[in-house]
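> Provided below: my_file-v4.cif, containing mmCIF, C-alpha atoms.
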data_target
#
loop_
_atom_site.label_atom_id
_atom_site.label_comp_id
_atom_site.auth_asym_id
_atom_site.auth_seq_id
_atom_site.Cartn_x
_atom_site.Cartn_y
_atom_site.Cartn_z
CA MET A 198 -2.92 30.37 7.32
CA PHE A 199 -2.80 27.34 4.98
CA GLU A 200 -1.35 29.15 1.97
CA TRP A 201 1.59 26.74 2.03
CA ALA A 202 -0.83 23.97 0.98
CA TYR A 203 -1.99 25.59 -2.28
CA ASN A 204 0.24 28.59 -3.12
CA GLY A 205 2.27 26.47 -5.53
CA ALA A 206 -0.67 25.70 -7.84
CA ASN A 207 0.36 26.76 -11.34
CA ALA A 208 -1.78 29.74 -12.36
CA SER A 209 -0.28 29.80 -15.87
CA ILE A 210 -2.23 26.65 -16.79
CA PRO A 211 -5.70 27.57 -18.07
CA ARG A 212 -8.59 26.68 -15.76
CA ASN A 213 -6.28 25.39 -13.08
CA VAL A 214 -6.46 28.08 -10.40
CA GLY A 215 -7.77 31.60 -9.91
CA PRO A 216 -10.99 33.60 -10.02
CA GLU A 217 -11.65 32.88 -13.70
CA CYS A 218 -12.10 29.20 -12.85
CA ALA A 219 -13.74 29.74 -9.46
CA TYR A 220 -16.46 31.93 -11.03
CA PHE A 221 -16.86 29.96 -14.25
CA LEU A 222 -20.33 29.07 -12.94
CA PRO A 223 -22.56 31.65 -11.23
CA ASN A 224 -23.10 31.07 -7.52
CA ARG A 225 -26.80 30.48 -8.08
CA ARG A 226 -25.96 27.75 -10.59
CA LYS A 227 -23.54 26.10 -8.15
CA ILE A 228 -26.17 26.07 -5.40
CA LEU A 229 -28.89 24.61 -7.64
CA GLU A 230 -26.57 21.92 -9.02
CA THR A 231 -25.38 21.01 -5.53
CA ILE A 232 -28.99 20.65 -4.30
CA PHE A 233 -29.94 18.58 -7.35
CA SER A 234 -26.84 16.39 -7.01
CA THR A 235 -27.47 15.85 -3.30
CA VAL A 236 -31.03 14.68 -3.94
CA PHE A 237 -29.77 12.40 -6.72
CA ILE A 238 -27.02 11.00 -4.48
CA ILE A 239 -29.48 10.26 -1.65
CA PHE A 240 -31.86 8.51 -4.04
CA LEU A 241 -29.03 6.49 -5.62
CA CYS A 242 -27.47 5.38 -2.33
CA THR A 243 -30.85 4.54 -0.79
CA TRP A 244 -31.83 2.45 -3.80
CA ALA A 245 -28.48 0.64 -3.76
CA TRP A 246 -28.35 0.11 0.02
CA LYS A 247 -31.54 -1.95 -0.04
CA ARG A 248 -30.09 -4.28 -2.68
CA MET A 249 -26.44 -4.57 -1.61
CA SER A 250 -25.16 -7.75 0.00
CA LEU A 251 -21.85 -9.24 1.07
CA PRO A 252 -20.77 -12.90 0.78
CA LYS A 253 -21.76 -15.08 3.73
CA LEU A 254 -18.37 -16.75 3.54
CA ALA A 255 -15.40 -15.25 5.34
CA VAL A 256 -11.69 -15.96 5.15
CA HIS A 257 -9.60 -17.00 8.12
CA PHE A 258 -6.58 -14.90 8.97
CA ARG A 259 -3.66 -15.81 6.75
CA PRO A 260 -0.12 -14.57 6.20
CA LYS A 261 0.26 -11.92 3.52
CA ARG A 262 1.52 -13.15 0.17
CA ARG A 263 4.79 -11.91 -1.27
CA GLY A 264 2.94 -10.13 -4.09
CA GLU A 265 0.76 -8.26 -1.59
CA LYS A 266 3.82 -7.13 0.34
CA ILE A 267 5.60 -5.99 -2.82
CA LEU A 268 2.58 -4.02 -4.05
CA LEU A 269 2.09 -2.54 -0.56
CA VAL A 270 5.70 -1.34 -0.38
CA LEU A 271 5.67 -0.11 -3.98
CA MET A 272 2.42 1.87 -3.67
CA SER A 273 3.52 3.25 -0.28
CA PHE A 274 6.80 4.38 -1.84
CA ILE A 275 5.09 5.96 -4.86
CA LEU A 276 2.41 7.68 -2.78
CA GLY A 277 5.02 8.86 -0.27
CA MET A 278 7.06 10.43 -3.07
CA GLU A 279 3.89 12.04 -4.48
CA ILE A 280 3.17 13.62 -1.09
CA GLY A 281 6.80 14.70 -0.76
CA PHE A 282 6.75 16.46 -4.14
CA LYS A 283 3.51 18.18 -3.20
CA PHE A 284 4.99 19.48 0.05
CA THR A 285 8.06 20.84 -1.72
CA SER A 286 5.97 22.45 -4.47
CA ARG A 287 3.38 23.80 -1.98
CA THR A 288 0.50 21.92 -3.63
CA VAL A 289 -0.46 19.65 -0.73
CA VAL A 290 -4.14 20.31 -1.42
CA TYR A 291 -3.93 18.02 -4.48
CA ILE A 292 -3.60 15.07 -2.11
CA PHE A 293 -7.39 15.21 -1.84
CA ASN A 294 -7.85 14.46 -5.55
CA PRO A 295 -9.85 11.20 -5.99
CA CYS A 296 -6.96 9.16 -7.41
CA HIS A 297 -4.86 9.72 -4.30
CA VAL A 298 -7.79 8.76 -2.10
CA THR A 299 -8.30 5.59 -4.18
CA SER A 300 -4.60 4.75 -3.79
CA MET A 301 -4.95 5.11 0.00
CA LEU A 302 -7.94 2.75 -0.04
CA GLN A 303 -5.84 0.24 -1.97
CA LEU A 304 -3.05 0.54 0.60
CA TYR A 305 -5.60 -0.33 3.28
CA LEU A 306 -6.78 -3.35 1.27
CA LEU A 307 -3.22 -4.62 0.90
CA ALA A 308 -2.45 -4.18 4.61
CA ALA A 309 -5.73 -5.10 6.34
CA GLU A 310 -6.79 -8.53 7.54
CA PRO A 311 -9.77 -10.18 5.79
CA SER A 312 -13.15 -8.88 6.93
CA PRO A 313 -16.53 -7.85 5.50
CA LEU A 314 -15.31 -4.22 5.58
CA VAL A 315 -12.38 -5.17 3.32
CA THR A 316 -14.78 -6.76 0.83
CA ALA A 317 -17.00 -3.66 0.87
CA ILE A 318 -14.08 -1.27 0.30
CA PHE A 319 -12.69 -3.52 -2.42
CA ARG A 320 -15.99 -3.41 -4.32
CA ILE A 321 -16.25 0.34 -3.91
CA GLN A 322 -12.75 1.05 -5.24
CA LEU A 323 -13.45 -1.16 -8.27
CA ASN A 324 -15.91 1.55 -9.30
CA LEU A 325 -13.27 4.29 -9.04
CA MET A 326 -11.23 3.09 -12.00
CA ASN A 327 -12.39 6.06 -14.06
CA GLY A 328 -9.51 7.91 -12.37
CA PRO A 329 -6.63 6.01 -14.00
CA PHE A 330 -8.57 5.70 -17.27
CA LEU A 331 -9.05 9.47 -17.56
CA ALA A 332 -5.49 10.10 -16.35
CA TYR A 333 -4.12 8.21 -19.36
CA ALA A 334 -6.79 9.42 -21.79
CA PHE A 335 -6.35 13.10 -20.83
CA PRO A 336 -2.98 13.37 -19.02
CA GLU A 337 -2.43 16.51 -16.99
CA THR A 338 1.27 16.78 -16.22
CA GLU A 339 1.91 20.43 -17.15
CA SER A 340 2.18 21.46 -13.49
CA ARG A 341 4.74 18.71 -12.80
CA ARG A 342 8.02 20.37 -13.64
CA ILE A 343 10.35 17.55 -12.54
CA PHE A 344 10.72 14.43 -14.70
CA ALA A 345 10.48 12.13 -11.67
CA ASP A 346 7.21 13.81 -10.68
CA LYS A 347 5.78 13.24 -14.18
CA ALA A 348 6.93 9.60 -14.13
CA LEU A 349 5.19 9.07 -10.78
CA TYR A 350 1.94 10.28 -12.35
CA TYR A 351 1.91 7.39 -14.82
CA ILE A 352 3.31 4.78 -12.42
CA GLN A 353 0.74 5.52 -9.72
CA HIS A 354 -2.22 5.34 -12.11
CA ALA A 355 -0.91 2.09 -13.60
CA LEU A 356 -0.60 0.54 -10.13
CA MET A 357 -4.19 1.55 -9.41
CA VAL A 358 -5.27 -0.96 -12.09
CA VAL A 359 -2.69 -3.66 -11.31
CA ILE A 360 -3.66 -3.90 -7.62
CA PRO A 361 -7.37 -4.79 -8.16
CA TYR A 362 -6.40 -7.42 -10.73
CA TYR A 363 -3.92 -9.02 -8.32
CA LEU A 364 -6.41 -8.95 -5.44
CA LEU A 365 -9.08 -10.56 -7.62
CA ARG A 366 -6.52 -13.29 -8.34
CA ILE A 367 -6.11 -13.91 -4.59
CA GLY A 368 -9.86 -14.11 -3.99
CA GLY A 369 -11.01 -14.52 -0.42
CA PRO A 370 -12.38 -11.16 0.70
CA TYR A 371 -11.35 -9.63 -2.63
CA THR A 372 -14.36 -10.72 -4.65
CA ALA A 373 -16.72 -8.73 -6.82
CA GLU A 374 -20.49 -8.98 -7.01
CA PRO A 375 -22.09 -10.76 -10.02
CA LEU A 376 -21.90 -8.84 -13.30
CA SER A 377 -25.68 -8.42 -13.28
CA ASP A 378 -25.67 -6.78 -9.84
CA MET A 379 -25.59 -2.98 -10.21
CA SER A 380 -26.20 -2.07 -6.57
CA TRP A 381 -22.51 -1.67 -5.67
CA CYS A 382 -21.93 0.41 -8.81
CA ALA A 383 -24.79 2.74 -7.91
CA PHE A 384 -23.70 3.07 -4.27
CA SER A 385 -20.07 3.72 -5.22
CA PHE A 386 -21.02 6.31 -7.81
CA GLY A 387 -23.18 8.05 -5.21
CA LEU A 388 -20.22 8.19 -2.82
CA ASN A 389 -17.99 9.44 -5.63
CA MET A 390 -20.35 12.28 -6.50
CA ALA A 391 -20.90 13.12 -2.81
CA TYR A 392 -17.12 13.43 -2.40
CA HIS A 393 -16.97 15.87 -5.33
CA PHE A 394 -20.03 18.03 -4.66
CA LEU A 395 -20.10 17.99 -0.86
CA PHE A 396 -16.40 17.91 -0.01
CA LEU A 397 -14.09 18.92 -2.85
CA GLN A 398 -16.31 21.79 -3.99
CA PHE A 399 -16.41 23.41 -0.54
CA MET A 400 -12.66 22.93 -0.17
CA ALA A 401 -11.86 24.27 -3.65
CA LEU A 402 -14.06 27.40 -3.60
CA PRO A 403 -12.25 29.42 -0.87
CA ILE A 404 -8.75 28.70 -2.27
CA GLN A 405 -9.85 28.87 -5.96
CA VAL A 406 -8.00 25.68 -6.92
CA ASN A 407 -9.77 23.45 -9.44
CA LEU A 408 -9.66 20.16 -7.54
CA SER A 409 -10.78 17.32 -9.82
CA HIS A 410 -12.36 19.94 -12.14
CA ILE A 411 -15.19 20.64 -9.71
CA LEU A 412 -15.02 24.44 -10.29
CA CYS A 413 -14.60 24.60 -14.07
CA PRO A 414 -14.14 22.14 -16.96
CA ALA A 415 -10.79 21.12 -18.37
CA ILE A 416 -9.68 22.64 -21.66
CA LEU A 417 -9.98 19.22 -23.34
CA ASP A 418 -13.42 18.53 -21.88
CA PRO A 419 -15.80 17.96 -24.84
CA PHE A 420 -18.69 18.97 -22.55
CA GLY A 421 -17.01 22.20 -21.42
CA THR A 422 -20.09 24.40 -21.22
CA GLU A 423 -22.03 25.65 -18.20
CA ASN A 424 -23.73 22.25 -18.12
CA TYR A 425 -20.47 20.33 -17.82
CA ARG A 426 -21.16 19.14 -14.25
CA LEU A 427 -24.59 17.82 -15.19
CA TRP A 428 -23.03 16.06 -18.17
CA THR A 429 -20.47 14.59 -15.76
CA LEU A 430 -23.27 12.88 -13.85
CA VAL A 431 -24.28 11.26 -17.13
CA HIS A 432 -21.00 10.20 -18.75
CA GLN A 433 -19.28 9.22 -15.51
CA GLY A 434 -22.45 7.45 -14.39
CA ILE A 435 -21.99 5.27 -17.47
CA LEU A 436 -18.18 5.06 -17.47
CA CYS A 437 -17.67 4.06 -13.80
CA PRO A 438 -19.84 0.89 -13.81
CA LEU A 439 -18.71 0.07 -17.34
CA LEU A 440 -15.04 0.06 -16.32
CA CYS A 441 -15.82 -1.89 -13.14
CA LYS A 442 -17.66 -4.63 -15.01
CA PHE A 443 -15.01 -4.66 -17.76
CA ILE A 444 -12.20 -5.19 -15.23
CA CYS A 445 -14.16 -7.94 -13.46
CA ALA A 446 -15.08 -9.70 -16.73
CA THR A 447 -11.56 -9.56 -18.20
CA SER A 448 -10.00 -10.62 -14.88
CA SER A 449 -12.41 -13.54 -14.70
CA PHE A 450 -11.51 -14.55 -18.25
CA PHE A 451 -7.74 -14.41 -17.74
CA LEU A 452 -7.79 -16.01 -14.28
CA THR A 453 -10.29 -18.80 -14.98
CA LYS A 454 -10.31 -19.48 -18.75
CA PHE A 455 -7.11 -18.18 -20.39
CA PRO A 456 -4.64 -21.13 -20.10
CA PRO A 457 -1.37 -19.17 -19.68
CA ALA A 458 -2.80 -17.09 -16.80
CA LYS A 459 -5.43 -19.47 -15.39
CA THR A 460 -5.15 -19.96 -11.63
CA GLU A 461 -8.62 -20.97 -10.40
CA PRO A 462 -11.75 -22.61 -11.88
CA THR A 463 -13.78 -19.62 -10.63
CA LEU A 464 -12.92 -16.33 -8.93
CA THR A 465 -14.83 -17.45 -5.82
CA SER A 466 -13.05 -20.79 -5.43
CA ALA A 467 -10.37 -19.31 -3.18
CA ILE A 468 -13.04 -18.13 -0.77
CA GLN A 469 -14.75 -21.50 -0.72
CA GLU A 470 -11.58 -23.46 -0.15
CA SER A 471 -10.27 -21.40 2.73
CA SER A 472 -13.38 -20.20 4.51
CA CYS A 473 -16.71 -21.14 5.95
CA ASN A 474 -19.76 -19.45 7.39
CA TRP A 475 -19.13 -17.19 10.38
CA ASP A 476 -21.89 -18.93 12.33
CA ASP A 477 -20.40 -22.33 11.56
CA ASN A 478 -17.00 -21.11 12.73
CA HIS A 479 -18.50 -19.80 15.95
CA SER A 480 -20.41 -23.01 16.66
CA LYS A 481 -17.34 -25.13 15.93
CA GLU A 482 -15.17 -23.01 18.21
CA SER A 483 -17.83 -23.17 20.93
CA SER A 484 -18.06 -26.95 20.66
CA LYS A 485 -14.27 -27.22 20.82
CA THR A 486 -14.23 -25.02 23.90
CA SER A 487 -16.94 -27.06 25.61
CA ASP A 488 -15.10 -30.29 24.77
CA LEU A 489 -11.93 -28.92 26.32
CA VAL A 490 -13.79 -27.80 29.44
CA SER A 491 -15.51 -31.17 29.86
CA SER A 492 -12.29 -33.11 29.31
CA SER A 493 -10.42 -30.98 31.82
CA SER A 494 -13.26 -31.46 34.29
CA GLN A 495 -13.12 -35.22 33.87
CA ASN A 496 -9.36 -35.18 34.35
CA SER A 497 -9.72 -33.18 37.57
CA HIS A 498 -12.29 -35.65 38.90
CA LYS A 499 -9.93 -38.52 38.09
CA HIS A 500 -7.13 -36.71 39.85
CA VAL A 501 -9.28 -36.29 43.00
CA GLU A 502 -10.22 -39.92 42.95
#
Could you spell out this file's structure in structure tokens?

Amino acid sequence: MFEWAYNGANASIPRNVGPECAYFLPNRRKILETIFSTVFIIFLCTWAWKRMSLPKLAVHFRPKRRGEKILLVLMSFILGMEIGFKFTSRTVVYIFNPCHVTSMLQLYLLAAEPSPLVTAIFRIQLNLMNGPFLAYAFPETESRRIFADKALYYIQHALMVVIPYYLLRIGGPYTAEPLSDMSWCAFSFGLNMAYHFLFLQFMALPIQVNLSHILCPAILDPFGTENYRLWTLVHQGILCPLLCKFICATSSFFLTKFPPAKTEPTLTSAIQESSCNWDDNHSKESSKTSDLVSSSSQNSHKHVE
């Protein structure tokens, strides 16, 4: 019924599609690894949830900056072309690869109004930068037969790094937790692994398409044995928080200390200058409302007199 979504997957590329990849691991091994990963994910997310926190400060609604609009249009255009190529090549299923999902999260961040949810999503996607890193370290463009399609591969993954840096420059809801805080890293990695083991795996098995290498390892994978998925929990569990903290530390350096690029004394100054506590806002608005009501009441009494 949905063959049009995956029939175009290139079977000539090793470990890309087909029964050889789908049955690289025995079914018993898949079940045991999925159970182990699920327990690990629950433990990780539970541990992180108890320690996670969001800033008490919130940003008032503000007009979108020109840079946000440009990046929003550019990423929308790039992602739209990616989806178009996948429809024409009958590989729509690849839309569910993590990098496309991360790009969609970034589109939401560029379009949404400031809120605690925006801050939470921003911190989560900071821990998904292993996608563009691995895309450049181990590029997989063999299945992209058109030059424009190959160019989009590199442009999209470059934008995935540019957007977080620009949003950190804006500040406001786009702030990261302290470098010593690992709770958001642990929670995000748990969500990342849950997406792979509990969603991509069950989507990839029936159609035998190796989505994000969940069914079998890549040819260039140095851990390409039967234990490759367990090794993934280890090396990606180190790489994801490492890249997140590296991006935050380098962004902080360039935006607060490097003279040619310095814009703010600290990355949180934008939030402090343009926001205040939600409770304070509510009390101020309530006092303003009561003042208006009392003044109008006094005016009506004067009018009657």
> Between atom CA of A:Thr235 and atom CA of A:Gly387, what distance in Å does the model show, to one decimal?
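Between atom CA of A:Thr235 and atom CA of A:Gly387 the gap works out to 9.1 Å.
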> Please write as an NGL selection string the list of polymer residues whose atoms come within 6 Å of (-15.4, -5.9, -7.6), counting all atoms listed in the file and keeping to the coordinates of the file.
:A and (320 or 323 or 372-374)
> How many Å lie between atom CA of A:Cys437 and atom CA of A:Asn327, rounded to one decimal?
5.7 Å
> With distances taken over only C-alpha atoms, which of A:Leu331, A:Leu251, A:Leu365, A:Ile267 is nearest to A:Leu314?
A:Leu251
> To one decimal in Å, tell me the separation between atom CA of A:His410 and atom CA of A:Gln322.
20.1 Å
> Counting all atoms listed in the file, which residues sit no farther than 10 Å from the position (-6.5, 21.9, -9.3) in the file's frame? I'd like them as a PyMOL selection string.
chain A and resi 203+206-208+210+212-215+218+288+290-291+294+340+401+405-413
> I need the residue nearest A:Pro438 from this list: A:Pro457, A:Leu417, A:Trp381, A:Pro375. Use all atoms listed in the file for the distance.
A:Trp381
> Any idea what's packed within 9 Å of A:Leu395, counting all atoms listed in the file, ignoring anything in its chain fewer than 5 positions away? Could you give it as a PDB file with C-alpha atoms, in the coordinates of the input?

ATOM      1  CA  THR A 231     -25.380  21.010  -5.530  1.00  0.00           C
ATOM      2  CA  THR A 235     -27.470  15.850  -3.300  1.00  0.00           C
ATOM      3  CA  MET A 390     -20.350  12.280  -6.500  1.00  0.00           C
ATOM      4  CA  MET A 400     -12.660  22.930  -0.170  1.00  0.00           C
TER       5      MET A 400
END
> Can you pull out the residues contacting A:Leu436? Cut-off 12 Å, using only C-alpha atoms, and skip same-chain residues under 3 positions away; I want them as a list in words.
Asn324, Leu325, Met326, Asn327, Gly328, Phe330, Leu331, Cys382, Ala383, Phe386, Thr429, Leu430, Val431, His432, Gln433, Leu439, Leu440, Cys441, Lys442 and Phe443 of chain A
> Which residue, A:Met357, A:Phe455, A:Phe221, A:Pro336, has the smallest gap to A:Leu302 when you use all atoms listed in the file?
A:Met357
> Set the distance at 12 Å and use only C-alpha atoms: which residues neighbour A:Ser449 once local chain neighbours fewer than 5 positions away are removed? I'd like the list as a VMD selection string.
chain A and resid 362 to 368 372 to 373 375 to 376 442 to 444 454 to 455 458 to 466
> Find the smallest box with edges along x, y and z containing every listed atom of stretch 310-318 of chain A, then add 4 Å on each side and report centre and edge lengths in Å to one decimal, as JSON.

{"center_x": -11.9, "center_y": -5.7, "center_z": 3.9, "size_x": 18.2, "size_y": 16.9, "size_z": 15.2}
> Once the PyMOL selection byres ((chain A and resi 261) around 10) has been evaluated on this model, what residues remain selected, and can you format them as a VMD selection string?
chain A and resid 258 to 260 262 to 266 307 to 310
> Hey, which of A:Thr447, A:Thr316, A:Thr422, A:Gln398 ends up closest to A:Ala219? Count all atoms listed in the file.
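Going through A:Thr447, A:Thr316, A:Thr422, A:Gln398 one by one, the smallest distance to A:Ala219 is for A:Gln398.
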> Given the PyMOL selection byres ((chain A and resi 423) around 10) and the file above, list the residues it selects as a count of residues only.
14
